[in-house]
Amino acid sequence: MGAPPASAADRALTRPRRRPLAALAALSALVAVGAVVLVTLATPTPRPADAPADEFSAGRAYRTVQTVADRPHPAGSAANDQVREHLVGALRGLGLETEVQDTVAPEAGQLSGAAGGATFARVRNVVARLPGTASTGRVFLVAHYDSVQTGPGGNDDAAGTSTVLEVARALAAGPRPRNDVVFVLTDAEEACLCGAAAFAASHPLAADGGVVLNLEARGSTGPVIMFETSRNNAELVAAFGRGAPHPVGTSFAVEIYRALPNDTDFTAFLDHGFVGLNSAYIDGGAIYHTPLDTPAAMDRGSLQMHGDNALGLAREFGRADLTALRAGHDATYFPVPGGLVRYPGWLTWPLAALAVLGVLALGWLVRRTGRAGTGRLFAGFGLALVPIVVAPVAAQLLWAGITALRPGYAELLDPYRPVWYRLAVVALAAAILLTWYALARRWAGPAALAVGGLGWLALLGVVLAALVPGGAYLATLPALAGALAGLVALRTRIDGPWPVVAVTLAGAVAVVILLPTVVLLFPALGMAMGGVAALFAVLLGLAALPVLDLLHPAAGGQRCMVAARARRLGALPAVAAALAAALFAGVGLAVDRFDADHPVPTHLMYALDADTNEAQWLTREEDPQPWTGGYVDGPATVDGFPGLGDPDLRGGPAPAASLPAPTVQVLADTTAGGLRTLRLRLLPQRTVRLATLHVDATTAEVTRAEVAGREVPVGRQPGVEEAKADRWGFGIVFHAPPAEGVEITLTVRPRAGQVALRAMDASDGLEGLPGFRPRPAGVGVVGSHTSEMLAVARTYPF
């Protein structure tokens, strides 16, 4: 006959004699480990302006931030010219060889999706060099000095620009490095990454490649995260661990970023064979690309962390043999208190297999010792899926409800004060996990649920190993640690201290690995994807189930009244977590209100058709805010403005302003073999940020194109029937056009008697337009490349 059914207490992996004391000790240990982890992610104290010359000083760098981010300075603007002059003077003042690369360049990767053609810009990169003593290659410190049109770029990227200058000062003041160090301050990053593309493709210093350290910011605060690397990064990551004083970075982040359609200047360097690291701080995303991105908004601790890491890495790569950096594999790595854990990527599958085998061994031992039969083990595995699914869904529903109360959140990367909402999501995940455990524990038993939770972690580790190898550690290592702890607990005296010590150590491993992921996912993805952070919070809880079990009184073999009291006590943690979730969400709504300092974001554009002298207000807001609603009243027709790149807009009639349209001058017109070649000059008649030229596909098919002497890939052109539905088949967008205009050559196969071209240019700022009412206090500008855009378009038949 089989063993008699075990009580709930007997079915646990631990059964300490002094359960309350054991629970207090274990939970205190995990809280202490969590606190140390959070301290590891904290930014350092900013150093003052009188710090030693060989150190990075946020106080000194902040002076550059104030100069660079005095006002918006997009590529091609007069303000951008003034910033560039300051940077050139500062670098030459350090005794560095400094030049300005002035050229026309295509978009990095020639993406040009929104324009329906090709994107170019006139760029003026600032380049300085510190020669090495016996160079084995070049180290490039890169940041962009232009800003968006809607904000001064106090963080994005005056932070990176000031860091480059301060690092240049520290290196120039000290011993000369072995390798050349090149400081590259790029132009037109916000427009099209064109400055980086120009440098990487054509500058003589870039001819042999090298190591790139790109410095960015997508917010105003938080730790600096090394979030992207070139492929085969093992040696780069090793250098990062040695050289960066604050090495916050994970291989999981690198894998995710590689799969996203996001780009920085780093993309252009990767496209041309460089290796390197990409770093940024990303919290405080509500101000990103908005007028609020001022120097005053910057967390100088984040600036100090940027500088400490950049200077440390410049010195590390400055003395390294750069010919040995291209290892044949990616590393797995993640931060821990005191440094960076890393191991070869080829260990991913062996560790995933060990985790699976460890959980299977634990399940076998649980069954052999009578703590759970086969049925209960399968039930525990199935039940463990419940919080994994329910918590993320509940988090998304919570945010949907909050956004319904605050519709303005839909236009923000994150709320202005997101901490309370983040705590609400974590508390909600905890409430769901604890409720599930209180309900399932008595029926399935603690051991079966613990094995089930570890089983899902091990299975997820296998899935990640196949799809996102750099992220497999997030599930594999906690599962392996939990399985080993369970085996130790069942092989020692279950009522002694060692089982509690073992499961607490396993829980600590989970905290060290998963807590930073939960913390960093919130600013990385925003509250709109808070369910992802909730998922990892639940995984952390599943890994620590044996410790959480200590919160529940032993219930097996007790009288009914005592058992009922035990169940009520066991429900207290879940109730407390649920109340905390509601409290945190309520506090978030109470403290994060829109006001003059934290305005609700709005988006508005103005488009004038010079052919008909008709104008309209346009917005991308799906559910316009009240201020925007005073201008728009329904879906808009923007067929005459292909340069806007967004057909799904809402619009409303606007008074026509007296504004000149861009002109298209014919410099040459020849026909041969049924093909017509037009050499044109696109010439804005006012100061603009960009100009576009599109070909009406119903009148001609483009077979070849050049912009400023550079050939443009034309791609597949629409046929006659397609052209009737999508009129603008080919287009060119040119950012920061020079005063003399842009020369464009088109070779076309005519489909009608005349070739129709649509020219558009766009400036920034709606003040002074007829019918425009300035935004009141509490109404702001959303961070968008088309916010406040004023576009004028005209058709030219030739």
# chains A, B, ... in the order shown; residues from 1 in each chain; ligands from 1
call {"tool": "residues_around", "arguments": {"residues": "A:Gln66", "least_positions_apart": "5", "cutoff": "12 Å", "atoms": "only C-alpha atoms", "output": "list in words"}}
result
Gly59, Arg60, Ala61, Arg71, Pro72, Val83, His86, Pro152, Gly153, Gly154, Asn155, Asp157, Ala158, Ala159, Thr161, Ser162, Asp293, Thr294, Pro295, Ala296, Ala297 and Met298 of chain A
call {"tool": "write_last_selection", "arguments": {"atoms": "N, CA, C and O atoms", "output": "PDB file, in the first residue's frame"}}
result
ATOM      1  N   GLY A  59      29.782  68.390 -12.310  1.00  0.00           N
ATOM      2  CA  GLY A  59      29.696  69.835 -12.156  1.00  0.00           C
ATOM      3  C   GLY A  59      30.301  70.561 -13.344  1.00  0.00           C
ATOM      4  O   GLY A  59      29.731  71.543 -13.848  1.00  0.00           O
ATOM      5  N   ARG A  60      31.463  70.094 -13.807  1.00  0.00           N
ATOM      6  CA  ARG A  60      32.066  70.721 -14.995  1.00  0.00           C
ATOM      7  C   ARG A  60      31.249  70.427 -16.248  1.00  0.00           C
ATOM      8  O   ARG A  60      31.022  71.302 -17.086  1.00  0.00           O
ATOM      9  N   ALA A  61      30.823  69.174 -16.391  1.00  0.00           N
ATOM     10  CA  ALA A  61      30.075  68.787 -17.594  1.00  0.00           C
ATOM     11  C   ALA A  61      28.747  69.530 -17.671  1.00  0.00           C
ATOM     12  O   ALA A  61      28.276  69.855 -18.776  1.00  0.00           O
ATOM     13  N   ARG A  71      18.529  76.351 -25.913  1.00  0.00           N
ATOM     14  CA  ARG A  71      17.284  76.442 -26.688  1.00  0.00           C
ATOM     15  C   ARG A  71      17.273  75.297 -27.695  1.00  0.00           C
ATOM     16  O   ARG A  71      18.302  74.651 -27.924  1.00  0.00           O
ATOM     17  N   PRO A  72      16.139  75.023 -28.324  1.00  0.00           N
ATOM     18  CA  PRO A  72      16.119  73.970 -29.350  1.00  0.00           C
ATOM     19  C   PRO A  72      17.122  74.280 -30.457  1.00  0.00           C
ATOM     20  O   PRO A  72      17.265  75.431 -30.882  1.00  0.00           O
ATOM     21  N   VAL A  83      25.866  76.190 -31.337  1.00  0.00           N
ATOM     22  CA  VAL A  83      26.323  75.067 -30.514  1.00  0.00           C
ATOM     23  C   VAL A  83      27.595  74.469 -31.112  1.00  0.00           C
ATOM     24  O   VAL A  83      28.565  74.174 -30.399  1.00  0.00           O
ATOM     25  N   HIS A  86      30.685  76.491 -30.427  1.00  0.00           N
ATOM     26  CA  HIS A  86      31.149  76.328 -29.045  1.00  0.00           C
ATOM     27  C   HIS A  86      31.920  75.023 -28.880  1.00  0.00           C
ATOM     28  O   HIS A  86      32.979  74.997 -28.225  1.00  0.00           O
ATOM     29  N   PRO A 152      14.930  71.642 -26.091  1.00  0.00           N
ATOM     30  CA  PRO A 152      16.345  72.011 -26.153  1.00  0.00           C
ATOM     31  C   PRO A 152      17.306  70.840 -26.008  1.00  0.00           C
ATOM     32  O   PRO A 152      18.510  71.012 -26.173  1.00  0.00           O
ATOM     33  N   GLY A 153      16.789  69.645 -25.689  1.00  0.00           N
ATOM     34  CA  GLY A 153      17.681  68.481 -25.617  1.00  0.00           C
ATOM     35  C   GLY A 153      18.630  68.511 -24.440  1.00  0.00           C
ATOM     36  O   GLY A 153      19.792  68.121 -24.567  1.00  0.00           O
ATOM     37  N   GLY A 154      18.149  68.946 -23.278  1.00  0.00           N
ATOM     38  CA  GLY A 154      19.013  68.988 -22.103  1.00  0.00           C
ATOM     39  C   GLY A 154      19.596  67.645 -21.754  1.00  0.00           C
ATOM     40  O   GLY A 154      20.746  67.547 -21.311  1.00  0.00           O
ATOM     41  N   ASN A 155      18.803  66.592 -21.947  1.00  0.00           N
ATOM     42  CA  ASN A 155      19.311  65.239 -21.724  1.00  0.00           C
ATOM     43  C   ASN A 155      19.668  64.563 -23.044  1.00  0.00           C
ATOM     44  O   ASN A 155      20.720  63.937 -23.169  1.00  0.00           O
ATOM     45  N   ASP A 157      20.664  65.322 -26.627  1.00  0.00           N
ATOM     46  CA  ASP A 157      21.754  64.556 -26.076  1.00  0.00           C
ATOM     47  C   ASP A 157      22.839  65.486 -25.577  1.00  0.00           C
ATOM     48  O   ASP A 157      24.024  65.257 -25.805  1.00  0.00           O
ATOM     49  N   ALA A 158      22.408  66.583 -24.905  1.00  0.00           N
ATOM     50  CA  ALA A 158      23.417  67.415 -24.252  1.00  0.00           C
ATOM     51  C   ALA A 158      24.160  66.619 -23.187  1.00  0.00           C
ATOM     52  O   ALA A 158      25.328  66.902 -22.893  1.00  0.00           O
ATOM     53  N   ALA A 159      23.505  65.594 -22.629  1.00  0.00           N
ATOM     54  CA  ALA A 159      24.190  64.735 -21.657  1.00  0.00           C
ATOM     55  C   ALA A 159      25.365  64.021 -22.309  1.00  0.00           C
ATOM     56  O   ALA A 159      26.484  64.016 -21.782  1.00  0.00           O
ATOM     57  N   THR A 161      26.840  64.800 -25.217  1.00  0.00           N
ATOM     58  CA  THR A 161      27.792  65.772 -25.745  1.00  0.00           C
ATOM     59  C   THR A 161      28.699  66.308 -24.647  1.00  0.00           C
ATOM     60  O   THR A 161      29.928  66.389 -24.812  1.00  0.00           O
ATOM     61  N   SER A 162      28.128  66.680 -23.512  1.00  0.00           N
ATOM     62  CA  SER A 162      28.938  67.206 -22.411  1.00  0.00           C
ATOM     63  C   SER A 162      29.847  66.129 -21.838  1.00  0.00           C
ATOM     64  O   SER A 162      30.976  66.414 -21.415  1.00  0.00           O
ATOM     65  N   ASP A 293      12.589  69.080 -21.669  1.00  0.00           N
ATOM     66  CA  ASP A 293      13.919  68.459 -21.613  1.00  0.00           C
ATOM     67  C   ASP A 293      14.983  69.549 -21.529  1.00  0.00           C
ATOM     68  O   ASP A 293      15.758  69.787 -22.452  1.00  0.00           O
ATOM     69  N   THR A 294      15.008  70.215 -20.394  1.00  0.00           N
ATOM     70  CA  THR A 294      15.919  71.330 -20.151  1.00  0.00           C
ATOM     71  C   THR A 294      17.069  70.880 -19.255  1.00  0.00           C
ATOM     72  O   THR A 294      16.997  69.823 -18.616  1.00  0.00           O
ATOM     73  N   PRO A 295      18.129  71.669 -19.153  1.00  0.00           N
ATOM     74  CA  PRO A 295      19.206  71.310 -18.221  1.00  0.00           C
ATOM     75  C   PRO A 295      18.707  71.137 -16.788  1.00  0.00           C
ATOM     76  O   PRO A 295      19.190  70.255 -16.060  1.00  0.00           O
ATOM     77  N   ALA A 296      17.745  71.951 -16.376  1.00  0.00           N
ATOM     78  CA  ALA A 296      17.249  71.856 -15.000  1.00  0.00           C
ATOM     79  C   ALA A 296      16.595  70.518 -14.715  1.00  0.00           C
ATOM     80  O   ALA A 296      16.525  70.085 -13.558  1.00  0.00           O
ATOM     81  N   ALA A 297      16.089  69.841 -15.749  1.00  0.00           N
ATOM     82  CA  ALA A 297      15.413  68.559 -15.555  1.00  0.00           C
ATOM     83  C   ALA A 297      16.384  67.410 -15.376  1.00  0.00           C
ATOM     84  O   ALA A 297      15.975  66.300 -15.020  1.00  0.00           O
ATOM     85  N   MET A 298      17.659  67.639 -15.626  1.00  0.00           N
ATOM     86  CA  MET A 298      18.644  66.544 -15.602  1.00  0.00           C
ATOM     87  C   MET A 298      18.995  66.107 -14.187  1.00  0.00           C
ATOM     88  O   MET A 298      19.211  66.934 -13.292  1.00  0.00           O
TER      89      MET A 298
END
call {"tool": "residues_around", "arguments": {"residues": "A:Leu459", "least_positions_apart": "3", "cutoff": "9 Å", "atoms": "only C-alpha atoms", "output": "ChimeraX atom specification"}}
result
/A:352,355-356,454-456,462-464,475-476
call {"tool": "select_by_dssp", "arguments": {"residues": "stretch 492-663 of chain A", "states": "alpha helix (DSSP H)", "output": "VMD selection string"}}
result
chain A and resid 497 to 525 530 to 543 545 to 548 560 to 591 626 to 629
call {"tool": "residues_around", "arguments": {"residues": "stretch 180-182 of chain A", "least_positions_apart": "6", "cutoff": "6 Å", "atoms": "only C-alpha atoms", "output": "number ranges by chain"}}
result
A: 128-132, 135, 138-140
call {"tool": "closest_residue", "arguments": {"among": "A:Trp627, A:Phe378, A:Phe227, A:Phe594", "to": "A:Phe266", "atoms": "only C-alpha atoms"}}
result
A:Phe227
call {"tool": "residues_around", "arguments": {"residues": "A:Met605", "least_positions_apart": "6", "cutoff": "9 Å", "atoms": "only C-alpha atoms", "output": "VMD selection string"}}
result
chain A and resid 616 to 620 765 to 766 786 to 791
call {"tool": "atom_distance", "arguments": {"atom1": "atom CA of A:Phe274", "atom2": "atom CA of A:Gly209"}}
result
5.1 Å
call {"tool": "closest_residue", "arguments": {"among": "A:Ala510, A:Val733, A:Ala483, A:Val538", "to": "A:Val389", "atoms": "only C-alpha atoms"}}
result
A:Val538
call {"tool": "atom_distance", "arguments": {"atom1": "atom CA of A:Pro335", "atom2": "atom CA of A:Val426"}}
result
21.1 Å
call {"tool": "select_by_dssp", "arguments": {"residues": "stretch 220-301 of chain A", "states": "strand (DSSP E or B)", "output": "list in words"}}
result
Thr221, Gly222, Pro223, Val224, Ile225, Met226, Phe227, Glu228, Thr229, Gly249, Val275, Gly276, Leu277, Asn278, Ser279, Ala280, Tyr281, Ile282 and Asp283 of chain A
call {"tool": "residues_around", "arguments": {"residues": "A:Leu680", "least_positions_apart": "4", "cutoff": "9 Å", "atoms": "only C-alpha atoms", "output": "ChimeraX atom specification"}}
result
/A:664-669,742-746
call {"tool": "atom_distance", "arguments": {"atom1": "atom CA of A:Thr795", "atom2": "atom CA of A:Asp726"}}
result
16.3 Å
call {"tool": "residues_around", "arguments": {"residues": "A:Pro44", "least_positions_apart": "2", "cutoff": "8 Å", "atoms": "only C-alpha atoms", "output": "ChimeraX atom specification"}}
result
/A:42,46,301-302,304-305
call {"tool": "write_last_selection", "arguments": {"atoms": "N, CA and C atoms", "output": "PDB file, in the first residue's frame"}}
result
ATOM      1  N   ALA A  42      21.566  52.385  -8.171  1.00  0.00           N
ATOM      2  CA  ALA A  42      21.470  53.818  -7.892  1.00  0.00           C
ATOM      3  C   ALA A  42      22.602  54.569  -8.584  1.00  0.00           C
ATOM      4  N   PRO A  46      27.097  63.215  -7.664  1.00  0.00           N
ATOM      5  CA  PRO A  46      27.811  64.044  -8.652  1.00  0.00           C
ATOM      6  C   PRO A  46      29.057  64.692  -8.039  1.00  0.00           C
ATOM      7  N   GLY A 301      23.276  62.972 -11.092  1.00  0.00           N
ATOM      8  CA  GLY A 301      23.831  61.659 -10.749  1.00  0.00           C
ATOM      9  C   GLY A 301      23.900  60.769 -11.977  1.00  0.00           C
ATOM     10  N   SER A 302      22.891  60.852 -12.836  1.00  0.00           N
ATOM     11  CA  SER A 302      22.921  60.094 -14.083  1.00  0.00           C
ATOM     12  C   SER A 302      24.040  60.592 -14.988  1.00  0.00           C
ATOM     13  N   GLN A 304      26.806  61.948 -13.961  1.00  0.00           N
ATOM     14  CA  GLN A 304      28.056  61.471 -13.364  1.00  0.00           C
ATOM     15  C   GLN A 304      28.304  60.005 -13.720  1.00  0.00           C
ATOM     16  N   MET A 305      27.261  59.201 -13.690  1.00  0.00           N
ATOM     17  CA  MET A 305      27.398  57.787 -14.039  1.00  0.00           C
ATOM     18  C   MET A 305      27.791  57.622 -15.501  1.00  0.00           C
TER      19      MET A 305
END
call {"tool": "residues_around", "arguments": {"residues": "A:Ser57", "least_positions_apart": "4", "cutoff": "9 Å", "atoms": "only C-alpha atoms", "output": "PDB file with N, CA and C atoms, in the first residue's frame"}}
result
ATOM      1  N   PRO A  46      27.097  63.215  -7.664  1.00  0.00           N
ATOM      2  CA  PRO A  46      27.811  64.044  -8.652  1.00  0.00           C
ATOM      3  C   PRO A  46      29.057  64.692  -8.039  1.00  0.00           C
ATOM      4  N   ARG A  47      30.138  64.686  -8.802  1.00  0.00           N
ATOM      5  CA  ARG A  47      31.352  65.345  -8.334  1.00  0.00           C
ATOM      6  C   ARG A  47      31.292  66.830  -8.676  1.00  0.00           C
ATOM      7  N   PRO A  48      31.842  67.676  -7.794  1.00  0.00           N
ATOM      8  CA  PRO A  48      31.766  69.122  -8.019  1.00  0.00           C
ATOM      9  C   PRO A  48      32.719  69.578  -9.120  1.00  0.00           C
ATOM     10  N   ALA A  49      32.602  70.840  -9.484  1.00  0.00           N
ATOM     11  CA  ALA A  49      33.409  71.385 -10.575  1.00  0.00           C
ATOM     12  C   ALA A  49      34.894  71.439 -10.228  1.00  0.00           C
ATOM     13  N   ASP A  50      35.241  71.408  -8.941  1.00  0.00           N
ATOM     14  CA  ASP A  50      36.654  71.452  -8.563  1.00  0.00           C
ATOM     15  C   ASP A  50      37.228  70.066  -8.284  1.00  0.00           C
ATOM     16  N   ALA A  51      36.591  69.011  -8.819  1.00  0.00           N
ATOM     17  CA  ALA A  51      37.114  67.652  -8.654  1.00  0.00           C
ATOM     18  C   ALA A  51      38.478  67.544  -9.328  1.00  0.00           C
ATOM     19  N   PRO A  52      39.300  66.550  -8.925  1.00  0.00           N
ATOM     20  CA  PRO A  52      40.624  66.380  -9.544  1.00  0.00           C
ATOM     21  C   PRO A  52      40.557  66.299 -11.059  1.00  0.00           C
ATOM     22  N   ALA A  53      41.601  66.766 -11.703  1.00  0.00           N
ATOM     23  CA  ALA A  53      41.617  66.886 -13.162  1.00  0.00           C
ATOM     24  C   ALA A  53      41.479  65.552 -13.870  1.00  0.00           C
ATOM     25  N   ALA A  61      30.823  69.174 -16.391  1.00  0.00           N
ATOM     26  CA  ALA A  61      30.075  68.787 -17.594  1.00  0.00           C
ATOM     27  C   ALA A  61      28.747  69.530 -17.671  1.00  0.00           C
ATOM     28  N   TYR A  62      28.151  69.817 -16.540  1.00  0.00           N
ATOM     29  CA  TYR A  62      26.835  70.468 -16.543  1.00  0.00           C
ATOM     30  C   TYR A  62      26.903  71.869 -17.150  1.00  0.00           C
ATOM     31  N   GLU A 166      33.913  66.398 -21.485  1.00  0.00           N
ATOM     32  CA  GLU A 166      34.574  66.245 -20.183  1.00  0.00           C
ATOM     33  C   GLU A 166      35.545  65.073 -20.192  1.00  0.00           C
ATOM     34  N   LEU A 303      24.236  61.910 -15.038  1.00  0.00           N
ATOM     35  CA  LEU A 303      25.335  62.478 -15.819  1.00  0.00           C
ATOM     36  C   LEU A 303      26.676  61.994 -15.278  1.00  0.00           C
ATOM     37  N   GLN A 304      26.806  61.948 -13.961  1.00  0.00           N
ATOM     38  CA  GLN A 304      28.056  61.471 -13.364  1.00  0.00           C
ATOM     39  C   GLN A 304      28.304  60.005 -13.720  1.00  0.00           C
ATOM     40  N   GLY A 307      29.482  59.738 -17.248  1.00  0.00           N
ATOM     41  CA  GLY A 307      30.876  60.142 -17.372  1.00  0.00           C
ATOM     42  C   GLY A 307      31.851  59.161 -16.761  1.00  0.00           C
ATOM     43  N   ASP A 308      31.531  58.637 -15.573  1.00  0.00           N
ATOM     44  CA  ASP A 308      32.407  57.641 -14.942  1.00  0.00           C
ATOM     45  C   ASP A 308      32.618  56.456 -15.866  1.00  0.00           C
TER      46      ASP A 308
END
call {"tool": "decode", "arguments": {"residues": "stretch 527-536 of chain A", "atoms": "all heavy atoms", "output": "CSV table (one decimal), in the first residue's frame"}}
result
chain,number,residue,atom,x,y,z
A,527,MET,N,4.7,52.3,-18.8
A,527,MET,CA,3.6,51.7,-18.1
A,527,MET,C,2.6,51.1,-19.0
A,527,MET,O,1.9,50.2,-18.6
A,527,MET,CB,2.9,52.8,-17.2
A,527,MET,CG,3.6,53.2,-16.0
A,527,MET,SD,3.9,51.8,-14.8
A,527,MET,CE,2.3,51.2,-14.6
A,528,ALA,N,2.6,51.5,-20.3
A,528,ALA,CA,1.7,50.8,-21.2
A,528,ALA,C,2.0,49.4,-21.4
A,528,ALA,O,1.2,48.6,-21.9
A,528,ALA,CB,1.8,51.6,-22.6
A,529,MET,N,3.2,48.9,-21.1
A,529,MET,CA,3.6,47.5,-21.1
A,529,MET,C,4.0,47.0,-19.7
A,529,MET,O,4.9,46.2,-19.6
A,529,MET,CB,4.7,47.3,-22.1
A,529,MET,CG,4.3,47.6,-23.6
A,529,MET,SD,5.6,47.2,-24.8
A,529,MET,CE,5.6,45.4,-24.7
A,530,GLY,N,3.3,47.6,-18.7
A,530,GLY,CA,3.7,47.2,-17.3
A,530,GLY,C,3.4,45.7,-17.1
A,530,GLY,O,4.0,45.1,-16.1
A,531,GLY,N,2.6,45.1,-17.9
A,531,GLY,CA,2.4,43.6,-17.8
A,531,GLY,C,3.6,42.8,-17.9
A,531,GLY,O,3.7,41.7,-17.3
A,532,VAL,N,4.6,43.3,-18.7
A,532,VAL,CA,5.9,42.5,-18.8
A,532,VAL,C,6.6,42.5,-17.5
A,532,VAL,O,7.1,41.5,-17.0
A,532,VAL,CB,6.7,43.1,-19.9
A,532,VAL,CG1,8.0,42.3,-20.1
A,532,VAL,CG2,6.0,43.1,-21.2
A,533,ALA,N,6.7,43.7,-16.8
A,533,ALA,CA,7.3,43.7,-15.5
A,533,ALA,C,6.5,42.9,-14.5
A,533,ALA,O,7.1,42.2,-13.6
A,533,ALA,CB,7.4,45.2,-15.0
A,534,ALA,N,5.2,42.9,-14.6
A,534,ALA,CA,4.4,42.0,-13.7
A,534,ALA,C,4.7,40.6,-13.9
A,534,ALA,O,4.8,39.8,-13.0
A,534,ALA,CB,2.9,42.3,-13.9
A,535,LEU,N,5.0,40.1,-15.2
A,535,LEU,CA,5.3,38.8,-15.4
A,535,LEU,C,6.6,38.4,-14.7
A,535,LEU,O,6.7,37.3,-14.1
A,535,LEU,CB,5.5,38.6,-16.9
A,535,LEU,CG,6.1,37.2,-17.4
A,535,LEU,CD1,5.2,36.1,-17.0
A,535,LEU,CD2,6.4,37.2,-18.9
A,536,PHE,N,7.6,39.2,-14.8
A,536,PHE,CA,8.9,38.9,-14.2
A,536,PHE,C,8.8,39.0,-12.6
A,536,PHE,O,9.5,38.3,-11.9
A,536,PHE,CB,10.0,39.8,-14.7
A,536,PHE,CG,10.5,39.3,-16.1
A,536,PHE,CD1,9.9,39.9,-17.2
A,536,PHE,CD2,11.5,38.3,-16.2
A,536,PHE,CE1,10.4,39.4,-18.5
A,536,PHE,CE2,11.9,37.9,-17.4
A,536,PHE,CZ,11.3,38.5,-18.6
